[in-house]
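Novice: What follows is protein_29.pdb, made up of PDB, C-alpha atoms and all ligand atoms:
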ATOM      1  CA  MET A   1       0.000   0.000   0.000
ATOM      2  CA  SER A   2       1.327   3.432  -0.720
ATOM      3  CA  ALA A   3       1.632   6.193   1.821
ATOM      4  CA  ILE A   4      -0.761   9.087   1.431
ATOM      5  CA  ILE A   5       0.829  12.275   0.083
ATOM      6  CA  LYS A   6      -0.124  15.482   1.854
ATOM      7  CA  ARG A   7      -0.905  17.375  -1.331
ATOM      8  CA  PRO A   8      -3.200  16.582  -4.209
ATOM      9  CA  ILE A   9      -1.666  14.319  -6.852
ATOM     10  CA  VAL A  10      -2.120  16.158 -10.148
ATOM     11  CA  ILE A  11      -3.264  14.117 -13.141
ATOM     12  CA  GLY A  12      -2.660  15.677 -16.552
ATOM     13  CA  THR A  13      -4.882  15.069 -19.548
ATOM     14  CA  ARG A  14      -5.848  16.481 -22.925
ATOM     15  CA  ASP A  15      -9.205  18.207 -22.956
ATOM     16  CA  SER A  16     -11.070  16.181 -25.600
ATOM     17  CA  ALA A  17     -14.200  14.354 -24.461
ATOM     18  CA  LEU A  18     -12.456  10.989 -24.865
ATOM     19  CA  ALA A  19      -9.330  12.084 -22.992
ATOM     20  CA  LEU A  20     -11.486  13.396 -20.147
ATOM     21  CA  TRP A  21     -13.491  10.162 -20.060
ATOM     22  CA  GLN A  22     -10.264   8.169 -19.843
ATOM     23  CA  THR A  23      -8.862  10.400 -17.122
ATOM     24  CA  ASN A  24     -12.062  10.142 -15.127
ATOM     25  CA  TRP A  25     -11.874   6.398 -15.397
ATOM     26  CA  VAL A  26      -8.312   6.425 -14.055
ATOM     27  CA  LEU A  27      -9.321   8.880 -11.334
ATOM     28  CA  GLY A  28     -12.216   6.612 -10.310
ATOM     29  CA  ARG A  29      -9.915   3.616  -9.977
ATOM     30  CA  LEU A  30      -7.347   5.622  -7.986
ATOM     31  CA  LYS A  31      -9.988   6.992  -5.602
ATOM     32  CA  GLU A  32     -11.319   3.486  -5.046
ATOM     33  CA  LEU A  33      -7.847   2.163  -4.282
ATOM     34  CA  PHE A  34      -6.697   5.180  -2.237
ATOM     35  CA  PRO A  35      -9.778   6.782  -0.656
ATOM     36  CA  GLU A  36      -7.669   8.944   1.696
ATOM     37  CA  GLN A  37      -5.602  10.542  -1.049
ATOM     38  CA  SER A  38      -6.678  13.695  -2.820
ATOM     39  CA  PHE A  39      -6.314  14.030  -6.587
ATOM     40  CA  GLU A  40      -6.677  16.899  -9.003
ATOM     41  CA  VAL A  41      -7.176  16.877 -12.780
ATOM     42  CA  LYS A  42      -5.413  19.381 -14.998
ATOM     43  CA  ALA A  43      -6.402  19.614 -18.676
ATOM     44  CA  ILE A  44      -3.783  20.799 -21.165
ATOM     45  CA  LYS A  45      -4.172  21.369 -24.923
ATOM     46  CA  THR A  46      -1.654  19.647 -27.190
ATOM     47  CA  LYS A  47      -0.531  20.538 -30.702
ATOM     48  CA  GLY A  48      -2.712  17.720 -32.049
ATOM     49  CA  ASP A  49      -5.756  19.387 -30.475
ATOM     50  CA  LYS A  50      -4.935  22.717 -32.097
ATOM     51  CA  ILE A  51      -4.124  21.684 -35.684
ATOM     52  CA  LEU A  52      -7.367  20.205 -36.928
ATOM     53  CA  ASP A  53      -7.302  20.716 -40.671
ATOM     54  CA  VAL A  54      -4.260  18.674 -41.706
ATOM     55  CA  ALA A  55      -4.047  14.881 -41.962
ATOM     56  CA  LEU A  56      -1.848  13.508 -39.184
ATOM     57  CA  ALA A  57       0.342  11.673 -41.674
ATOM     58  CA  LYS A  58       1.201  15.033 -43.216
ATOM     59  CA  ILE A  59       2.040  16.772 -39.959
ATOM     60  CA  GLY A  60       4.363  13.860 -39.321
ATOM     61  CA  ASP A  61       5.320  14.910 -35.850
ATOM     62  CA  LYS A  62       5.810  12.340 -33.165
ATOM     63  CA  GLY A  63       4.285  13.131 -29.817
ATOM     64  CA  LEU A  64       1.627  15.393 -31.265
ATOM     65  CA  PHE A  65      -0.816  14.463 -28.520
ATOM     66  CA  THR A  66       1.665  14.003 -25.716
ATOM     67  CA  LYS A  67       4.448  16.585 -25.762
ATOM     68  CA  GLU A  68       2.825  19.432 -23.823
ATOM     69  CA  LEU A  69       1.795  16.966 -21.117
ATOM     70  CA  GLU A  70       5.319  15.573 -20.966
ATOM     71  CA  VAL A  71       6.821  19.024 -20.542
ATOM     72  CA  ALA A  72       4.346  19.757 -17.730
ATOM     73  CA  MET A  73       5.345  16.505 -16.061
ATOM     74  CA  LEU A  74       9.060  17.177 -16.314
ATOM     75  CA  GLU A  75       8.490  20.655 -14.885
ATOM     76  CA  GLY A  76       6.562  19.180 -11.956
ATOM     77  CA  GLU A  77       3.298  20.864 -12.892
ATOM     78  CA  ILE A  78       1.554  17.502 -13.123
ATOM     79  CA  ASP A  79       2.500  14.160 -11.551
ATOM     80  CA  MET A  80       1.220  11.802 -14.219
ATOM     81  CA  ALA A  81      -0.417  11.942 -17.620
ATOM     82  CA  VAL A  82      -3.217   9.774 -18.943
ATOM     83  CA  HIS A  83      -3.002   8.937 -22.655
ATOM     84  CA  SER A  84      -4.496   6.710 -25.305
ATOM     85  CA  LEU A  85      -1.541   4.370 -25.630
ATOM     86  CA  LYS A  86      -2.031   4.397 -29.391
ATOM     87  CA  ASP A  87      -1.027   8.060 -29.508
ATOM     88  CA  MET A  88       2.220   7.569 -27.602
ATOM     89  CA  PRO A  89       5.497   7.471 -29.498
ATOM     90  CA  THR A  90       7.539   4.339 -28.854
ATOM     91  CA  GLN A  91      10.476   6.397 -27.572
ATOM     92  CA  LEU A  92       9.599   8.416 -24.487
ATOM     93  CA  PRO A  93      11.507  11.576 -23.587
ATOM     94  CA  GLU A  94      14.419  11.157 -21.216
ATOM     95  CA  GLY A  95      13.186  11.009 -17.621
ATOM     96  CA  LEU A  96       9.691   9.668 -18.328
ATOM     97  CA  VAL A  97       8.367   6.108 -18.214
ATOM     98  CA  ILE A  98       5.144   4.185 -18.648
ATOM     99  CA  GLY A  99       3.829   3.566 -15.125
ATOM    100  CA  ALA A 100       0.883   1.395 -16.109
ATOM    101  CA  ILE A 101      -0.821  -0.090 -19.144
ATOM    102  CA  CYS A 102      -4.492  -0.425 -18.265
ATOM    103  CA  GLU A 103      -6.884  -3.158 -19.323
ATOM    104  CA  ARG A 104      -7.598  -3.014 -23.009
ATOM    105  CA  GLU A 105     -11.065  -2.259 -24.346
ATOM    106  CA  ASP A 106     -12.168  -3.977 -27.544
ATOM    107  CA  CYS A 107      -9.112  -3.459 -29.772
ATOM    108  CA  ARG A 108     -10.908  -3.663 -33.133
ATOM    109  CA  ASP A 109     -11.731  -0.914 -35.584
ATOM    110  CA  VAL A 110     -15.395  -0.353 -36.294
ATOM    111  CA  PHE A 111     -17.423   0.881 -39.232
ATOM    112  CA  ILE A 112     -20.143   3.451 -38.655
ATOM    113  CA  SER A 113     -22.522   3.925 -41.518
ATOM    114  CA  PRO A 114     -25.655   6.075 -41.368
ATOM    115  CA  SER A 115     -27.453   3.618 -43.684
ATOM    116  CA  GLY A 116     -26.431   0.588 -41.624
ATOM    117  CA  THR A 117     -24.607  -1.012 -44.589
ATOM    118  CA  LYS A 118     -21.571  -3.184 -43.808
ATOM    119  CA  ILE A 119     -18.291  -2.624 -45.659
ATOM    120  CA  GLU A 120     -18.673  -5.730 -47.837
ATOM    121  CA  ASP A 121     -22.145  -4.584 -48.928
ATOM    122  CA  LEU A 122     -21.291  -0.965 -49.802
ATOM    123  CA  PRO A 123     -21.993   0.040 -53.410
ATOM    124  CA  GLU A 124     -19.002   0.491 -55.693
ATOM    125  CA  GLY A 125     -17.281   3.851 -55.197
ATOM    126  CA  ALA A 126     -18.872   4.494 -51.797
ATOM    127  CA  LYS A 127     -17.196   7.245 -49.758
ATOM    128  CA  VAL A 128     -15.545   6.080 -46.568
ATOM    129  CA  ALA A 129     -13.703   8.421 -44.224
ATOM    130  CA  THR A 130     -10.429   7.700 -42.474
ATOM    131  CA  SER A 131      -7.069   9.460 -42.476
ATOM    132  CA  SER A 132      -5.157   6.545 -41.079
ATOM    133  CA  LEU A 133      -2.753   4.966 -43.577
ATOM    134  CA  ARG A 134      -3.000   1.709 -41.690
ATOM    135  CA  ARG A 135      -6.751   1.623 -42.222
ATOM    136  CA  LYS A 136      -6.599   2.938 -45.797
ATOM    137  CA  SER A 137      -4.121   0.369 -47.038
ATOM    138  CA  GLN A 138      -6.016  -2.545 -45.538
ATOM    139  CA  LEU A 139      -9.317  -1.185 -46.882
ATOM    140  CA  TRP A 140      -7.810  -0.810 -50.345
ATOM    141  CA  LYS A 141      -6.837  -4.425 -50.289
ATOM    142  CA  TRP A 142     -10.313  -5.468 -49.194
ATOM    143  CA  ARG A 143     -12.383  -3.018 -51.273
ATOM    144  CA  PRO A 144     -10.162  -1.353 -53.931
ATOM    145  CA  ASP A 145     -13.193   0.403 -55.428
ATOM    146  CA  LEU A 146     -14.036   2.541 -52.403
ATOM    147  CA  GLU A 147     -13.340   6.265 -52.350
ATOM    148  CA  LEU A 148     -11.368   6.963 -49.194
ATOM    149  CA  VAL A 149     -11.586  10.496 -47.880
ATOM    150  CA  ASP A 150      -9.459  12.164 -45.210
ATOM    151  CA  ILE A 151     -11.037  13.175 -41.953
ATOM    152  CA  ARG A 152      -9.585  14.794 -38.842
ATOM    153  CA  GLY A 153     -10.780  16.188 -35.570
ATOM    154  CA  ASN A 154     -11.997  14.619 -32.381
ATOM    155  CA  LEU A 155     -14.698  11.958 -32.357
ATOM    156  CA  GLN A 156     -17.584  14.457 -32.109
ATOM    157  CA  THR A 157     -16.258  16.415 -35.095
ATOM    158  CA  ARG A 158     -15.872  13.269 -37.170
ATOM    159  CA  MET A 159     -19.404  12.116 -36.416
ATOM    160  CA  ARG A 160     -20.675  15.554 -37.455
ATOM    161  CA  LYS A 161     -18.680  15.497 -40.724
ATOM    162  CA  LEU A 162     -20.099  12.053 -41.497
ATOM    163  CA  GLU A 163     -23.533  13.645 -41.804
ATOM    164  CA  GLU A 164     -22.535  17.039 -43.209
ATOM    165  CA  GLN A 165     -20.393  15.605 -46.007
ATOM    166  CA  LYS A 166     -22.881  12.851 -46.867
ATOM    167  CA  LEU A 167     -20.275  10.148 -46.409
ATOM    168  CA  ASP A 168     -21.237   6.484 -46.611
ATOM    169  CA  GLY A 169     -19.264   5.613 -43.539
ATOM    170  CA  LEU A 170     -16.464   6.254 -41.129
ATOM    171  CA  ILE A 171     -13.852   3.972 -39.590
ATOM    172  CA  LEU A 172     -12.957   4.499 -35.938
ATOM    173  CA  ALA A 173     -11.438   2.531 -33.106
ATOM    174  CA  ALA A 174     -14.108   0.641 -31.148
ATOM    175  CA  ALA A 175     -12.595   1.739 -27.843
ATOM    176  CA  GLY A 176     -13.196   5.457 -28.266
ATOM    177  CA  VAL A 177     -16.703   4.959 -29.626
ATOM    178  CA  ILE A 178     -17.668   2.623 -26.792
ATOM    179  CA  ARG A 179     -16.137   4.856 -24.125
ATOM    180  CA  LEU A 180     -18.075   7.858 -25.363
ATOM    181  CA  GLY A 181     -21.284   5.843 -25.134
ATOM    182  CA  TRP A 182     -21.917   5.540 -28.862
ATOM    183  CA  ALA A 183     -21.763   1.755 -29.207
ATOM    184  CA  ASP A 184     -25.301   1.805 -30.621
ATOM    185  CA  LYS A 185     -24.030   3.730 -33.666
ATOM    186  CA  ILE A 186     -21.606   0.934 -34.626
ATOM    187  CA  THR A 187     -22.625  -0.836 -37.834
ATOM    188  CA  GLN A 188     -19.845  -3.410 -37.883
ATOM    189  CA  TYR A 189     -16.976  -4.596 -35.708
ATOM    190  CA  ILE A 190     -14.239  -5.206 -38.275
ATOM    191  CA  PRO A 191     -12.505  -8.577 -37.768
ATOM    192  CA  THR A 192      -8.795  -8.163 -36.999
ATOM    193  CA  ASP A 193      -7.879 -10.426 -39.915
ATOM    194  CA  LEU A 194      -9.360  -7.798 -42.272
ATOM    195  CA  ILE A 195      -8.035  -4.706 -40.505
ATOM    196  CA  LEU A 196      -5.292  -5.286 -37.968
ATOM    197  CA  PRO A 197      -5.493  -2.595 -35.258
ATOM    198  CA  ALA A 198      -2.850  -0.023 -34.373
ATOM    199  CA  VAL A 199      -0.201  -0.754 -31.790
ATOM    200  CA  GLY A 200      -1.696  -0.272 -28.327
ATOM    201  CA  GLN A 201      -5.177   0.423 -29.663
ATOM    202  CA  GLY A 202      -7.850   0.356 -26.964
ATOM    203  CA  SER A 203      -5.524   0.743 -24.013
ATOM    204  CA  ILE A 204      -5.160   3.693 -21.666
ATOM    205  CA  THR A 205      -1.709   4.303 -20.275
ATOM    206  CA  ILE A 206      -0.284   6.348 -17.452
ATOM    207  CA  GLU A 207       3.008   8.103 -18.044
ATOM    208  CA  MET A 208       5.071   9.360 -15.100
ATOM    209  CA  ARG A 209       8.532  10.583 -14.076
ATOM    210  CA  GLU A 210      11.206   7.917 -13.972
ATOM    211  CA  GLY A 211      12.226   7.085 -10.406
ATOM    212  CA  ASP A 212       9.235   8.802  -8.795
ATOM    213  CA  GLU A 213       8.596   5.914  -6.393
ATOM    214  CA  GLU A 214       5.787   7.724  -4.617
ATOM    215  CA  ILE A 215       3.713   8.132  -7.765
ATOM    216  CA  ALA A 216       4.733   4.678  -9.034
ATOM    217  CA  SER A 217       3.124   3.029  -6.009
ATOM    218  CA  PHE A 218      -0.213   4.697  -6.791
ATOM    219  CA  VAL A 219      -0.080   3.906 -10.487
ATOM    220  CA  ALA A 220       1.213   0.318 -10.425
ATOM    221  CA  PRO A 221      -2.076  -1.350  -9.351
ATOM    222  CA  LEU A 222      -3.710  -0.048 -12.537
ATOM    223  CA  ASN A 223      -1.396  -2.111 -14.707
ATOM    224  CA  HIS A 224      -3.188  -5.026 -16.387
ATOM    225  CA  GLU A 225      -0.727  -7.829 -16.941
ATOM    226  CA  ALA A 226      -2.195  -9.483 -20.034
ATOM    227  CA  SER A 227      -2.764  -6.170 -21.809
ATOM    228  CA  ALA A 228       0.703  -4.949 -20.846
ATOM    229  CA  LEU A 229       2.497  -8.068 -22.131
ATOM    230  CA  ALA A 230       0.699  -7.945 -25.469
ATOM    231  CA  ILE A 231       1.271  -4.227 -25.923
ATOM    232  CA  ARG A 232       4.936  -4.329 -24.906
ATOM    233  CA  ALA A 233       5.481  -6.803 -27.745
ATOM    234  CA  GLU A 234       3.520  -4.594 -30.173
ATOM    235  CA  ARG A 235       5.523  -1.509 -29.199
ATOM    236  CA  ALA A 236       8.842  -3.307 -29.549
ATOM    237  CA  LEU A 237       7.818  -4.312 -33.074
ATOM    238  CA  MET A 238       6.909  -0.754 -33.953
ATOM    239  CA  ARG A 239      10.056   0.734 -32.396
ATOM    240  CA  LYS A 240      12.175  -1.595 -34.498
ATOM    241  CA  LEU A 241      10.268  -0.750 -37.669
ATOM    242  CA  GLU A 242      10.555   2.941 -36.766
ATOM    243  CA  GLY A 243       6.904   3.458 -37.353
ATOM    244  CA  GLY A 244       5.088   6.557 -36.263
ATOM    245  CA  CYS A 245       1.683   7.436 -37.551
ATOM    246  CA  GLN A 246       3.354   8.028 -40.962
ATOM    247  CA  VAL A 247       3.897   4.381 -41.856
ATOM    248  CA  PRO A 248       1.079   1.869 -42.032
ATOM    249  CA  ILE A 249       1.868  -0.610 -39.293
ATOM    250  CA  GLY A 250      -0.638  -2.824 -37.549
ATOM    251  CA  ALA A 251       0.014  -5.211 -34.700
ATOM    252  CA  LEU A 252      -1.910  -7.311 -32.270
ATOM    253  CA  GLY A 253      -0.575  -9.381 -29.417
ATOM    254  CA  SER A 254      -2.639 -11.869 -27.448
ATOM    255  CA  LEU A 255      -2.026 -14.368 -24.704
ATOM    256  CA  GLN A 256      -3.008 -17.947 -25.342
ATOM    257  CA  GLY A 257      -3.015 -20.952 -23.048
ATOM    258  CA  GLN A 258      -2.806 -21.154 -19.275
ATOM    259  CA  GLY A 259      -0.092 -21.422 -16.633
ATOM    260  CA  GLU A 260       3.129 -22.945 -17.919
ATOM    261  CA  ASN A 261       1.657 -23.265 -21.394
ATOM    262  CA  ARG A 262       0.916 -19.588 -21.686
ATOM    263  CA  ARG A 263       2.222 -18.117 -24.953
ATOM    264  CA  LEU A 264       2.273 -14.674 -26.463
ATOM    265  CA  VAL A 265       1.052 -14.646 -30.053
ATOM    266  CA  LEU A 266       1.963 -11.556 -32.048
ATOM    267  CA  ASN A 267       0.589 -10.638 -35.447
ATOM    268  CA  GLY A 268       2.060  -7.716 -37.340
ATOM    269  CA  LEU A 269       1.798  -6.047 -40.697
ATOM    270  CA  VAL A 270       3.448  -3.346 -42.737
ATOM    271  CA  ALA A 271       1.554  -2.073 -45.765
ATOM    272  CA  SER A 272       2.431   0.018 -48.774
ATOM    273  CA  LEU A 273       0.375   3.175 -49.175
ATOM    274  CA  ASP A 274      -1.695   1.730 -51.996
ATOM    275  CA  GLY A 275      -2.457  -1.392 -50.007
ATOM    276  CA  ARG A 276      -1.216  -3.536 -52.866
ATOM    277  CA  ASN A 277       1.846  -4.656 -51.029
ATOM    278  CA  ILE A 278       1.113  -5.982 -47.572
ATOM    279  CA  CYS A 279       3.612  -7.871 -45.542
ATOM    280  CA  GLN A 280       2.053  -9.767 -42.653
ATOM    281  CA  GLU A 281       3.226 -12.491 -40.332
ATOM    282  CA  GLN A 282       2.437 -14.067 -36.989
ATOM    283  CA  ILE A 283       4.862 -15.547 -34.512
ATOM    284  CA  GLU A 284       4.676 -16.650 -30.912
ATOM    285  CA  GLY A 285       6.970 -16.902 -27.966
ATOM    286  CA  ASN A 286       7.447 -17.009 -24.253
ATOM    287  CA  THR A 287       5.541 -14.426 -22.194
ATOM    288  CA  ASP A 288       8.708 -13.660 -20.171
ATOM    289  CA  GLU A 289      10.185 -11.537 -22.922
ATOM    290  CA  PRO A 290       7.507  -9.721 -24.890
ATOM    291  CA  GLU A 291       9.987  -7.226 -26.383
ATOM    292  CA  GLU A 292      12.056 -10.052 -27.809
ATOM    293  CA  ILE A 293       8.972 -11.350 -29.661
ATOM    294  CA  GLY A 294       8.297  -7.893 -31.083
ATOM    295  CA  LEU A 295      11.883  -7.577 -32.292
ATOM    296  CA  ARG A 296      11.880 -11.057 -33.789
ATOM    297  CA  LEU A 297       8.667 -10.351 -35.691
ATOM    298  CA  ALA A 298      10.078  -7.037 -36.930
ATOM    299  CA  GLU A 299      13.181  -8.805 -38.287
ATOM    300  CA  ARG A 300      10.991 -11.390 -39.955
ATOM    301  CA  LEU A 301       8.801  -8.716 -41.586
ATOM    302  CA  LEU A 302      11.863  -6.800 -42.799
ATOM    303  CA  GLN A 303      13.116  -9.989 -44.478
ATOM    304  CA  LEU A 304       9.708 -10.628 -46.033
ATOM    305  CA  GLY A 305       9.668  -7.263 -47.803
ATOM    306  CA  ALA A 306       8.830  -4.672 -45.160
ATOM    307  CA  ARG A 307      12.180  -2.963 -45.740
ATOM    308  CA  GLU A 308      11.268  -2.040 -49.324
ATOM    309  CA  ILE A 309       7.780  -0.957 -48.293
ATOM    310  CA  LEU A 310       9.108   1.310 -45.547
ATOM    311  CA  ASN A 311      11.658   2.904 -47.883
ATOM    312  CA  ASP A 312       8.950   3.631 -50.447
ATOM    313  CA  VAL A 313       6.628   5.114 -47.839
ATOM    314  CA  ARG A 314       9.393   7.416 -46.597
ATOM    315  CA  GLN A 315      10.221   8.549 -50.130
ATOM    316  CA  GLU A 316       6.581   9.322 -50.847
ATOM    317  CA  SER A 317       6.013  11.229 -47.640
ATOM    318  CA  LYS A 318       8.944  13.516 -48.502
ATOM    319  CA  GLN A 319       7.292  14.644 -51.722
TER     320      GLN A 319
HETATM  321  N1  LIG A 401      -5.903   8.333 -33.597
HETATM  322  C1  LIG A 401      -6.715   8.965 -32.642
HETATM  323  C2  LIG A 401      -7.147   8.085 -31.532
HETATM  324  N2  LIG A 401      -6.324   7.793 -30.500
HETATM  325  C3  LIG A 401      -7.002   6.974 -29.629
HETATM  326  C4  LIG A 401      -8.268   6.783 -30.123
HETATM  327  C5  LIG A 401      -9.311   6.013 -29.418
HETATM  328  C6  LIG A 401      -9.135   4.548 -29.370
HETATM  329  C7  LIG A 401      -7.958   4.019 -28.632
HETATM  330  O1  LIG A 401      -7.685   4.408 -27.488
HETATM  331  O2  LIG A 401      -7.285   3.163 -29.184
HETATM  332  C8  LIG A 401      -8.380   7.477 -31.340
HETATM  333  C9  LIG A 401      -9.549   7.582 -32.218
HETATM  334  C10 LIG A 401      -9.655   6.528 -33.295
HETATM  335  O3  LIG A 401      -8.653   6.070 -33.835
HETATM  336  O4  LIG A 401     -10.789   6.184 -33.646
END
How would this structure read if it were set down as structure tokens?
Specialist:
Amino acid sequence: MSAIIKRPIVIGTRDSALALWQTNWVLGRLKELFPEQSFEVKAIKTKGDKILDVALAKIGDKGLFTKELEVAMLEGEIDMAVHSLKDMPTQLPEGLVIGAICEREDCRDVFISPSGTKIEDLPEGAKVATSSLRRKSQLWKWRPDLELVDIRGNLQTRMRKLEEQKLDGLILAAAGVIRLGWADKITQYIPTDLILPAVGQGSITIEMREGDEEIASFVAPLNHEASALAIRAERALMRKLEGGCQVPIGALGSLQGQGENRRLVLNGLVASLDGRNICQEQIEGNTDEPEEIGLRLAERLLQLGAREILNDVRQESKQ
């Protein structure tokens, strides 16, 4: 049990509806675990909240949704930051660490269509919104005839644009949609063998100062072992492939079996921007070393053609 601190522990967050939901969830868990401790929430805008009209792949800046919070943490203004793990770069700034990876929500992407039509039943040329290269490339492979349109902004904005721009549908992560209470708007949960999710998708993480034992003891109980093992493998894969949001990378780890037979299965893919060239593979290994599995899968993908794909993607994004 951790000792109570005689000042409020300050939790930093972005100010979007989803970020605030996630922070409230973390706050609820902390209050339950440490009823004597006082906590305070501090909302901070990030660059990603301010630039709303440019596709993320074009801004190409790592830490778009995290940097301002990280600076506040290093300056002691906040004690921890709650993030969507998916938005966190694989390399953290010096002096900061992941304190906990919380239990993952449904990790799949979903399709939301005002007409209730599933992706496989859409008419030829239907307009589907997503700015994510990972989603686009896998959609192109599945339905090369669709017209894919860019969309940005927080979840509320995207839902509004869906109607305003008369789009046939929108792809989002299930987790955000469910957390905001919009599960009834979901037309289709997309199977992960058709669209492999992003690294860390569906998980909330708590970032904190390295070596801050006091804060670590509050945060540690929120770590969810199975989610953390899977996601550590996914992040090791991505770090090795030097992905950011610019390169289409998907990955999904899962634990299979019980006790001594427990294994970590990791599926990963790297796609070319046109979706025509997709390199995908699955491997498994011992749960003791999730990072090693991520690295091994990355090596395997590079051998299978991911190296060429990544070079091409980098060339194209320079133009
Ligand atoms: N890229 C933005 C983003 N970052 C985290 C989520 C919510 C889902 C999650 O936590 O994985 C979303 C929205 C989306 O992709 O639909």
Novice: At a cut-off of 12 Å from (1.6, 13.8, -21.1) in the coordinates of the file, what residues are picked up using all atoms listed in the file, written as a PyMOL selection string?
Specialist: chain A and resi 10-15+19+23+42-47+63-85+87-89+92-93+96-98+205-209
Novice: Just checking: using only C-alpha atoms, which residue out of A:Val110, A:Leu222, A:Asp49, A:Glu308 ends up closest to A:Leu27?
Specialist: A:Leu222
Novice: List as a ChimeraX atom specification the protein and nucleic acid residues lying within 7 Å of ligand LIG 401 (chain A), with only C-alpha atoms and all ligand atoms counted.
Specialist: /A:84-87,107,155,172-176,200-204
Novice: Would you compute the distance between atom CA of A:Ile190 and atom CA of A:Lys161? Give it in Å to one decimal.
Specialist: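 Distance between the two atoms: 21.3 Å.
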Novice: Of the residues A:Val219, A:Val270, A:Ile178, A:Ile195, which is the one nearest to A:Arg143, using only C-alpha atoms?
Specialist: A:Ile195
Novice: With distances taken over all atoms listed in the file, which of A:Pro35, A:Gly253, A:Pro114, A:Gly268 is nearest to A:Leu241?
Specialist: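 Nearest candidate to A:Leu241 out of A:Pro35, A:Gly253, A:Pro114, A:Gly268: A:Gly268.
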Novice: Give me the residues within 8 Å of A:Asn267 as a PyMOL selection string, counting all atoms listed in the file and dropping any in the same chain fewer than 2 places off.
Specialist: chain A and resi 251-253+265+269+280-283
Novice: Please list as an MDAnalysis selection string every residue within 10 Å of A:Gly294, counting all atoms listed in the file and excluding residues in the same chain fewer than 3 positions away.
Specialist: chainID A and resid 230:241 251 253 265:268 283:285 289:291 297:300
Novice: Which residue, A:Trp25, A:Phe218, A:Phe34, A:Phe111, has the smallest gap to A:Leu162 when you use all atoms listed in the file?
Specialist: A:Phe111
Novice: Hey, which of A:Ala126, A:Leu273, A:Trp140, A:Glu103 ends up closest to A:Asp168? Count only C-alpha atoms.
Specialist: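 Checking each of A:Ala126, A:Leu273, A:Trp140, A:Glu103 against A:Asp168, counting only C-alpha atoms, the winner is A:Ala126.
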Novice: Which residue gives the smallest distance to A:Arg262 among A:Asn277, A:Asp288, A:Pro248, A:Ile151, with all atoms listed in the file counted?
Specialist: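 Smallest distance to A:Arg262 is found for A:Asp288.
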Novice: Neighbouring residues of A:Arg135 were defined as those with any atom within 9 Å, considering only C-alpha atoms; residues of the same chain fewer than 4 positions away were excluded. Please report them as a list in words.
Specialist: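 The neighbour list is Asp109, Thr130, Ser131, Leu139, Trp140, Ile171, Ile195, Leu196, Pro197, Ala198, Pro248 and Gly250 of chain A.
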Novice: So how far away is atom CA of A:Glu147 from atom CA of A:Gln315, in Å?
Specialist: 23.8 Å
Novice: To one decimal place in Å, what is the distance between atom CA of A:Ser137 and atom CA of A:Asp274?
Specialist: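 The value is 5.7 Å.
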Novice: Please enumerate the residues selected by the PyMOL selection byres (((chain A and resi 128) around 6) and not hetatm) when evaluated against the supplied file, formatted as a compact mmCIF listing (two decimals) with C-alpha atoms, keeping the file's coordinate frame.
Specialist:
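Once written, out_36.txt looks like this:
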# COMPACT_ATOMS: atom_id res chain seq x y z
CA LYS A 127 -17.20 7.24 -49.76
CA ALA A 129 -13.70 8.42 -44.22
CA LEU A 148 -11.37 6.96 -49.19
CA ASP A 168 -21.24 6.48 -46.61
CA GLY A 169 -19.26 5.61 -43.54
CA LEU A 170 -16.46 6.25 -41.13
Novice: Taking all atoms of stretch 169-188 of chain A that the file lists and extending 4 Å past them on each side, where is the centre of the axis-aligned box and how long are its edges? Answer in Å to one decimal, as JSON.
Specialist:
{"center_x": -18.4, "center_y": 2.2, "center_z": -33.8, "size_x": 21.9, "size_y": 19.3, "size_z": 27.4}
Novice: Tell me, as a PyMOL selection string, which residues lie within 12 Å of A:Asn261, counting all atoms listed in the file; anything in the same chain fewer than 3 positions away does not count.
Specialist: chain A and resi 255-258+264+284-288
